[in-house]
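Engineer: I'm passing along query-v2.cif; it holds mmCIF, C-alpha atoms.
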```cif
data_data
#
loop_
_atom_site.label_atom_id
_atom_site.label_comp_id
_atom_site.auth_asym_id
_atom_site.auth_seq_id
_atom_site.Cartn_x
_atom_site.Cartn_y
_atom_site.Cartn_z
CA MET A 134 106.57 88.33 59.58
CA SER A 135 107.44 88.15 55.90
CA SER A 136 106.58 91.04 53.63
CA VAL A 137 104.47 90.68 50.53
CA LEU A 138 104.87 93.95 48.62
CA THR A 139 102.45 95.33 46.08
CA PRO A 140 103.75 94.42 42.59
CA ALA A 141 105.24 97.30 40.64
CA THR A 142 102.54 96.91 38.01
CA VAL A 143 99.85 97.77 40.56
CA ALA A 144 99.44 101.43 41.44
CA ALA A 145 99.08 101.94 45.20
CA PRO A 146 97.35 105.07 46.54
CA GLU A 147 99.38 107.58 48.49
CA SER A 148 98.41 108.51 52.02
CA ALA A 149 96.60 111.76 52.65
CA LEU A 150 95.49 113.53 55.79
CA GLY A 151 92.39 111.93 57.27
CA GLN A 152 92.81 108.69 55.32
CA PRO A 153 94.41 105.30 56.14
CA THR A 154 98.18 104.98 55.80
CA TRP A 155 98.04 103.01 52.58
CA GLU A 156 101.81 102.43 52.41
CA ILE A 157 101.70 100.32 55.58
CA THR A 158 99.33 97.85 53.96
CA ARG A 159 102.11 96.86 51.53
CA LEU A 160 104.09 95.44 54.48
CA PHE A 161 101.50 92.69 54.96
CA PRO A 162 100.36 89.74 52.84
CA TRP A 163 97.44 90.17 50.48
CA GLN A 164 94.15 88.50 51.36
CA GLY A 165 94.47 84.88 50.33
CA GLN A 166 98.22 84.79 51.03
CA TRP A 167 98.38 84.83 54.83
CA THR A 168 100.15 81.87 56.45
CA GLU A 169 99.65 80.51 59.95
CA THR A 170 103.06 81.90 60.96
CA GLU A 171 102.16 85.37 59.75
CA PHE A 172 98.75 85.18 61.40
CA VAL A 173 100.22 84.21 64.77
CA SER A 174 102.81 86.98 64.48
CA LEU A 175 100.13 89.59 63.83
CA ASP A 176 99.58 91.73 66.90
CA ALA A 177 96.10 92.83 65.85
CA PRO A 178 94.09 95.19 68.10
CA CYS A 179 90.91 93.27 67.23
CA LEU A 180 89.59 89.72 66.92
CA ALA A 181 90.81 87.88 63.84
CA GLU A 182 90.64 84.39 62.36
CA LEU A 183 92.48 82.73 59.46
CA ASN A 184 90.48 81.10 56.68
CA ASP A 185 92.66 79.61 53.93
CA GLY A 186 94.98 82.59 53.64
CA VAL A 187 92.28 85.18 54.29
CA LEU A 188 92.01 87.22 57.48
CA GLU A 189 88.45 87.39 58.83
CA PHE A 190 87.33 89.74 61.56
CA PRO A 191 84.51 88.50 63.83
CA GLU A 192 82.14 90.95 65.45
CA MET A 193 83.51 92.46 68.65
CA PRO A 194 81.59 90.92 71.59
CA ASP A 195 79.53 93.09 73.92
CA ARG A 196 79.25 92.71 77.69
CA ALA A 197 76.19 90.43 77.46
CA HIS A 198 78.14 88.10 75.19
CA GLN A 199 81.04 88.09 77.65
CA TRP A 200 78.75 87.35 80.59
CA LEU A 201 77.50 84.28 78.75
CA GLN A 202 81.01 83.25 77.82
CA LYS A 203 82.12 83.63 81.43
CA ILE A 204 79.36 81.46 82.92
CA LEU A 205 79.68 78.74 80.27
CA LEU A 206 83.46 78.60 80.54
CA ARG A 207 83.26 78.37 84.31
CA LEU A 208 80.64 75.58 84.29
CA LEU A 209 82.50 73.52 81.69
CA ASP A 210 85.87 74.11 83.34
CA ASP A 211 84.53 73.03 86.74
CA TYR A 212 83.30 69.75 85.26
CA VAL A 213 86.48 69.05 83.30
CA MET A 214 88.75 69.91 86.22
CA GLN A 215 86.71 67.82 88.64
CA HIS A 216 87.02 64.78 86.39
CA ARG A 217 90.61 65.57 85.32
CA LEU A 218 89.68 65.29 81.66
CA GLY A 219 91.84 68.03 80.14
CA GLU A 220 91.43 71.79 79.89
CA VAL A 221 88.87 74.42 78.93
CA LEU A 222 89.81 77.67 77.22
CA GLY A 223 88.07 80.49 75.39
CA ALA A 224 88.48 83.17 72.75
CA PRO A 225 90.74 84.71 71.65
CA THR A 226 92.70 81.43 71.72
CA PRO A 227 92.88 79.84 68.24
CA ILE A 228 92.37 76.21 67.35
CA ARG A 229 93.27 74.55 64.04
CA LEU A 230 90.48 72.98 62.02
CA ARG A 231 93.00 71.96 59.35
CA PRO A 232 96.23 73.52 58.05
CA GLY A 233 95.59 77.14 57.15
CA LYS A 234 92.21 77.35 58.87
CA LEU A 235 92.17 78.74 62.42
CA ARG A 236 89.05 79.64 64.40
CA GLU A 237 88.57 81.08 67.89
CA PRO A 238 85.49 79.48 69.52
CA ASP A 239 83.98 81.33 72.47
CA VAL A 240 84.61 78.29 74.70
CA PHE A 241 86.25 74.95 73.92
CA TYR A 242 87.33 71.76 75.68
CA LEU A 243 90.51 69.83 74.92
CA SER A 244 90.80 66.27 76.21
CA ASN A 245 94.07 65.14 77.74
CA ALA A 246 94.80 63.18 74.57
CA ARG A 247 94.37 66.28 72.40
CA ARG A 248 96.23 68.87 74.49
CA PRO A 249 99.53 69.93 72.89
CA ALA A 250 102.61 69.33 75.02
CA ASP A 251 103.89 72.77 74.05
CA PRO A 252 101.67 75.43 75.71
CA ARG A 253 102.51 77.82 72.86
CA ALA A 254 101.31 75.42 70.17
CA ILE A 255 97.95 75.84 68.47
CA PRO A 256 95.73 72.86 69.32
CA ASP A 257 94.70 70.61 66.45
CA GLY A 258 90.95 70.70 66.85
CA ALA A 259 88.83 70.42 69.97
CA ASP A 260 86.52 67.88 71.57
CA LEU A 261 83.69 70.28 72.36
CA VAL A 262 83.18 73.83 71.11
CA VAL A 263 80.69 76.49 72.16
CA GLU A 264 79.68 79.51 70.10
CA ILE A 265 77.49 82.32 71.41
CA VAL A 266 75.38 83.67 68.56
CA SER A 267 75.95 87.36 67.84
CA ILE A 268 73.11 89.72 66.98
CA THR A 269 73.87 90.69 63.38
CA PRO A 270 72.51 88.52 60.51
CA LYS A 271 76.01 87.96 59.13
CA SER A 272 77.36 86.81 62.49
CA ARG A 273 74.29 84.65 63.12
CA ARG A 274 74.78 82.83 59.83
CA HIS A 275 78.47 82.41 60.61
CA ASP A 276 77.75 80.66 63.92
CA VAL A 277 74.61 78.73 62.96
CA VAL A 278 75.47 77.67 59.41
CA THR A 279 79.13 78.19 58.49
CA LYS A 280 80.78 77.04 61.70
CA ARG A 281 78.34 74.16 62.07
CA SER A 282 79.56 72.85 58.71
CA GLU A 283 83.22 73.64 59.42
CA TYR A 284 83.34 72.04 62.86
CA ALA A 285 81.60 68.90 61.58
CA ALA A 286 84.05 68.64 58.67
CA ALA A 287 86.91 69.01 61.14
CA GLY A 288 85.53 66.11 63.18
CA PHE A 289 84.74 67.97 66.42
CA PRO A 290 82.59 65.52 68.42
CA GLU A 291 80.22 68.11 69.92
CA TYR A 292 79.10 71.67 69.13
CA TRP A 293 76.94 73.88 71.34
CA ILE A 294 75.15 76.88 69.78
CA VAL A 295 74.05 79.32 72.48
CA ASP A 296 71.44 81.75 71.15
CA PRO A 297 70.55 84.67 73.48
CA GLU A 298 67.95 85.96 71.00
CA THR A 299 65.79 82.83 71.38
CA ASP A 300 67.08 81.71 74.81
CA THR A 301 67.97 78.38 73.22
CA ILE A 302 70.99 76.10 73.58
CA THR A 303 71.31 73.66 70.70
CA VAL A 304 73.60 70.69 71.32
CA LEU A 305 74.91 68.99 68.19
CA THR A 306 76.76 65.70 68.17
CA LEU A 307 78.77 63.99 65.43
CA PRO A 308 77.86 60.32 64.92
CA ALA A 309 80.72 57.94 64.18
CA GLY A 310 81.79 58.21 60.55
CA ALA A 311 79.41 61.12 59.86
CA THR A 312 80.31 64.44 58.27
CA GLU A 313 77.24 66.32 59.48
CA TYR A 314 75.98 66.97 62.99
CA ALA A 315 72.87 65.40 64.47
CA VAL A 316 70.74 67.40 66.89
CA HIS A 317 70.95 65.98 70.39
CA GLY A 318 68.56 68.60 71.72
CA GLU A 319 67.26 72.16 71.47
CA PHE A 320 67.01 73.20 75.09
CA ARG A 321 64.96 76.12 76.42
CA PRO A 322 64.31 77.77 79.80
CA GLY A 323 62.99 75.20 82.25
CA GLN A 324 65.29 72.54 80.79
CA GLN A 325 68.85 71.37 81.30
CA ALA A 326 71.10 71.39 78.24
CA THR A 327 72.99 68.09 78.37
CA SER A 328 76.13 66.77 76.74
CA VAL A 329 76.58 63.47 74.93
CA LEU A 330 80.37 63.60 75.07
CA LEU A 331 80.54 64.47 78.78
CA PRO A 332 78.08 62.34 80.78
CA GLY A 333 76.57 64.28 83.66
CA PHE A 334 77.50 67.72 82.33
CA ALA A 335 74.43 69.93 82.12
CA VAL A 336 73.61 73.63 81.97
CA ASP A 337 70.45 75.19 83.40
CA VAL A 338 69.20 77.15 80.38
CA ALA A 339 67.20 79.75 82.28
CA ALA A 340 70.04 80.43 84.73
CA CYS A 341 72.54 80.64 81.89
CA PHE A 342 70.66 83.31 79.97
CA ALA A 343 69.80 85.18 83.17
CA ALA A 344 73.53 85.43 83.80
CA GLY A 345 73.92 86.62 80.22
CA ARG A 346 71.54 89.48 80.96
CA GLY A 347 73.46 90.41 84.07
CA GLU A 348 70.56 89.45 86.34
CA PRO A 349 71.42 88.76 89.98
CA LYS A 350 71.18 85.19 91.20
#
```
Let me see the structure of the file written as structure tokens.
Structural biologist:
Amino acid sequence: MSSVLTPATVAAPESALGQPTWEITRLFPWQGQWTETEFVSLDAPCLAELNDGVLEFPEMPDRAHQWLQKILLRLLDDYVMQHRLGEVLGAPTPIRLRPGKLREPDVFYLSNARRPADPRAIPDGADLVVEIVSITPKSRRHDVVTKRSEYAAAGFPEYWIVDPETDTITVLTLPAGATEYAVHGEFRPGQQATSVLLPGFAVDVAACFAAGRGEPK
């Protein structure tokens, strides 16, 4: 990782007992100057994404979030593997929306045509992404508004927003030539959330959120 030191004209605080080790921060790029190479080299002990040179730190998922991620990843992976369509992965694996912008969807599907030949390479985009809405207002807006706009601009054909607060799965699809998603359906308990991109793939909404609450089958 390259070092971007604090300029001599900027006074940096000295470390003191009980405070962060400020000197270490000068070994890393400033916000707005991070590159993809530096981001990938960062061995961070927390979730992180890269947004045009800025490191962003998503909310740490709780067990309920991970239960939902687990069931959705398994269902989507079973379908994709059965039809030999590609691969399904989940966070914290990054995907590239465009150069300098890396996100880590909770679950995503890569078609065979999109999968990088190098397993260490960051995929350029995804065919279907799933985000599980977190509980804080900031995280909710990030999943429901910000990422909806970002994923559409990146040309991802389908985006699923899984909302455990409302027990709703919203499936968004990107019409040909469009830059904004259209709503395929807002599915609730008693319904099957269906995909446009993957014919025959469906998720039982009630069973999905029951699994997210840790309820026995």
Engineer: Report, in Å with one decimal, the straight-line distance from atom CA of Ser267 of chain A to atom CA of His198 of chain A.
Structural biologist: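 Between atom CA of Ser267 of chain A and atom CA of His198 of chain A the gap works out to 7.7 Å.
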Engineer: On this file, the PyMOL selection byres ((chain A and resi 184-190) around 7) gives some set of residues; write that set as number ranges by chain.
Structural biologist: A: 164-168, 180-183, 191-192, 233-235
Engineer: Suppose you want the space between atom CA of Arg159 of chain A and atom CA of His275 of chain A; what is it in Å?
Structural biologist: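 The value is 29.2 Å.
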Engineer: May I ask for the distance between atom CA of Pro256 of chain A and atom CA of Arg196 of chain A, given in Å to one decimal place?
Structural biologist: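 It comes out at 27.1 Å.
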Engineer: Just so the selection is clear, what residues does the PyMOL selection byres ((chain A and resi 325) around 9) cover here, as a ChimeraX atom specification?
Structural biologist: /A:320-324,326-327,335-339
Engineer: Can you tell me which residues surround segment 288-298 of chain A at a distance of at most 8 Å, considering all atoms listed in the file, apart from same-chain residues fewer than 6 positions away, and format the answer as a list in words?
Structural biologist: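 Within the cut-off, the hits are Gly258, Ala259, Asp260, Leu261, Val262, Val263, Glu264, Ile265, Val266, Ser267, Ile268, Asp276, Val277, Arg281, Val304, Leu305, Thr306, Leu307, Pro308, Thr312, Val329, Leu330, Phe342 and Gly345 of chain A.
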